[in-house]
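Coordinates as given in my_file_6.cif (mmCIF, C-alpha atoms):
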data_target
#
loop_
_atom_site.label_atom_id
_atom_site.label_comp_id
_atom_site.auth_asym_id
_atom_site.auth_seq_id
_atom_site.Cartn_x
_atom_site.Cartn_y
_atom_site.Cartn_z
CA MET A 1 2.02 -0.74 -15.79
CA LEU A 2 1.89 1.55 -12.79
CA TYR A 3 0.83 -0.44 -9.74
CA VAL A 4 -0.15 1.81 -6.82
CA ILE A 5 -1.21 0.58 -3.39
CA SER A 6 -2.09 2.49 -0.27
CA ARG A 7 -0.29 1.55 2.95
CA SER A 8 -3.68 1.36 4.70
CA ASP A 9 -5.67 -0.51 2.03
CA VAL A 10 -7.29 -3.59 3.58
CA LEU A 11 -8.85 -4.82 0.31
CA PHE A 12 -5.50 -4.89 -1.53
CA PRO A 13 -2.87 -4.59 1.21
CA PRO A 14 0.77 -3.86 0.41
CA SER A 15 1.63 -7.37 1.55
CA ILE A 16 0.34 -8.71 -1.79
CA ALA A 17 2.62 -6.46 -3.83
CA PRO A 18 5.71 -8.69 -3.95
CA ALA A 19 3.74 -11.64 -5.34
CA VAL A 20 1.88 -9.45 -7.82
CA MET A 21 5.09 -7.81 -9.01
CA GLU A 22 6.76 -11.21 -9.39
CA LYS A 23 3.89 -12.49 -11.52
CA LEU A 24 3.90 -9.35 -13.65
CA THR A 25 7.65 -9.62 -14.19
CA LYS A 26 7.40 -13.32 -15.11
CA ALA A 27 4.67 -12.40 -17.60
CA GLY A 28 6.97 -9.87 -19.22
CA VAL A 29 5.08 -6.84 -17.97
CA ASP A 30 7.13 -3.69 -17.42
CA ALA A 31 5.66 -2.73 -14.05
CA THR A 32 6.46 -0.03 -11.53
CA TYR A 33 5.28 -0.38 -7.94
CA VAL A 34 4.42 2.62 -5.78
CA GLU A 35 3.15 2.50 -2.20
CA ILE A 36 1.61 5.67 -0.84
CA ASP A 37 1.47 6.59 2.82
CA THR A 38 -2.14 7.51 3.53
CA ASP A 39 -4.91 6.72 5.96
CA TYR A 40 -7.60 6.65 3.26
CA GLY A 41 -7.20 2.94 2.51
CA HIS A 42 -8.78 1.77 -0.73
CA LEU A 43 -10.09 5.29 -1.40
CA ALA A 44 -6.61 6.82 -1.43
CA ALA A 45 -6.33 6.96 -5.21
CA ASN A 46 -8.86 9.78 -5.20
CA ALA A 47 -8.67 11.15 -1.67
CA ASP A 48 -4.88 11.48 -1.69
CA ALA A 49 -4.22 11.71 -5.42
CA GLN A 50 -1.49 14.29 -4.85
CA LYS A 51 0.57 11.63 -3.05
CA TRP A 52 0.91 9.45 -6.13
CA ALA A 53 0.67 12.16 -8.78
CA PRO A 54 4.49 12.48 -9.06
CA ALA A 55 4.78 8.74 -9.75
CA LEU A 56 2.05 8.98 -12.38
CA THR A 57 3.74 11.96 -14.01
CA ALA A 58 7.09 10.15 -14.14
CA PHE A 59 5.43 7.02 -15.51
CA LEU A 60 3.64 8.92 -18.26
CA GLN A 61 6.79 10.81 -19.18
CA ARG A 62 8.64 7.53 -19.49
CA LEU A 63 5.94 6.21 -21.84
CA ALA A 64 6.13 9.32 -24.00
CA ARG A 65 9.81 8.75 -24.80
#

What's the structure tokens form of this structure?
Amino acid sequence: MLYVISRSDVLFPPSIAPAVMEKLTKAGVDATYVEIDTDYGHLAANADAQKWAPALTAFLQRLAR
């Protein structure tokens, strides 16, 4: 799982990431966490897609192996 959060997201702030990652790990989920530096908050996935595109590319390449 690729878990991406924006530094400025107030709906899902980066402060929740450690707990989420811990729960995913305990559940046996192979998860990668990425935090992007953007001012677009919750809309960053679209508005600043180029900032997390390298992480997505690497994640997909890893799955293809």

Can you list what the PyMOL selection byres ((chain A and resi 31) around 10) grabs from this structure, as number ranges by chain? A: 1-3, 20-22, 24-25, 28-30, 32-34, 59

Keeping only C-alpha atoms, write the selected residues as an mmCIF file, in the frame of the given file.
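What follows is the written file result28.cif:
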data_model
loop_
_atom_site.group_PDB
_atom_site.id
_atom_site.type_symbol
_atom_site.label_atom_id
_atom_site.label_comp_id
_atom_site.auth_asym_id
_atom_site.auth_seq_id
_atom_site.Cartn_x
_atom_site.Cartn_y
_atom_site.Cartn_z
ATOM 1 C CA MET A 1 2.020 -0.740 -15.790
ATOM 2 C CA LEU A 2 1.890 1.550 -12.790
ATOM 3 C CA TYR A 3 0.830 -0.440 -9.740
ATOM 4 C CA VAL A 20 1.880 -9.450 -7.820
ATOM 5 C CA MET A 21 5.090 -7.810 -9.010
ATOM 6 C CA GLU A 22 6.760 -11.210 -9.390
ATOM 7 C CA LEU A 24 3.900 -9.350 -13.650
ATOM 8 C CA THR A 25 7.650 -9.620 -14.190
ATOM 9 C CA GLY A 28 6.970 -9.870 -19.220
ATOM 10 C CA VAL A 29 5.080 -6.840 -17.970
ATOM 11 C CA ASP A 30 7.130 -3.690 -17.420
ATOM 12 C CA THR A 32 6.460 -0.030 -11.530
ATOM 13 C CA TYR A 33 5.280 -0.380 -7.940
ATOM 14 C CA VAL A 34 4.420 2.620 -5.780
ATOM 15 C CA PHE A 59 5.430 7.020 -15.510
#

For the structure provided, state which residues fall under the PyMOL selection byres ((chain A and resi 43) around 12), and present them as a PyMOL selection string. chain A and resi 4-12+36+38-42+44-49

Just the number, please: distance in Å from CA of Ala19 (chain A) to CA of Gln50 (chain A), one decimal. 26.5 Å

For the atom pair CA of Ala17 (chain A) and CA of Asp37 (chain A), what is the interatomic distance in Å to one decimal place? 14.7 Å

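Taking CA of Pro13 (chain A) and CA of Ala58 (chain A) as endpoints, the distance between them is 23.5 Å.
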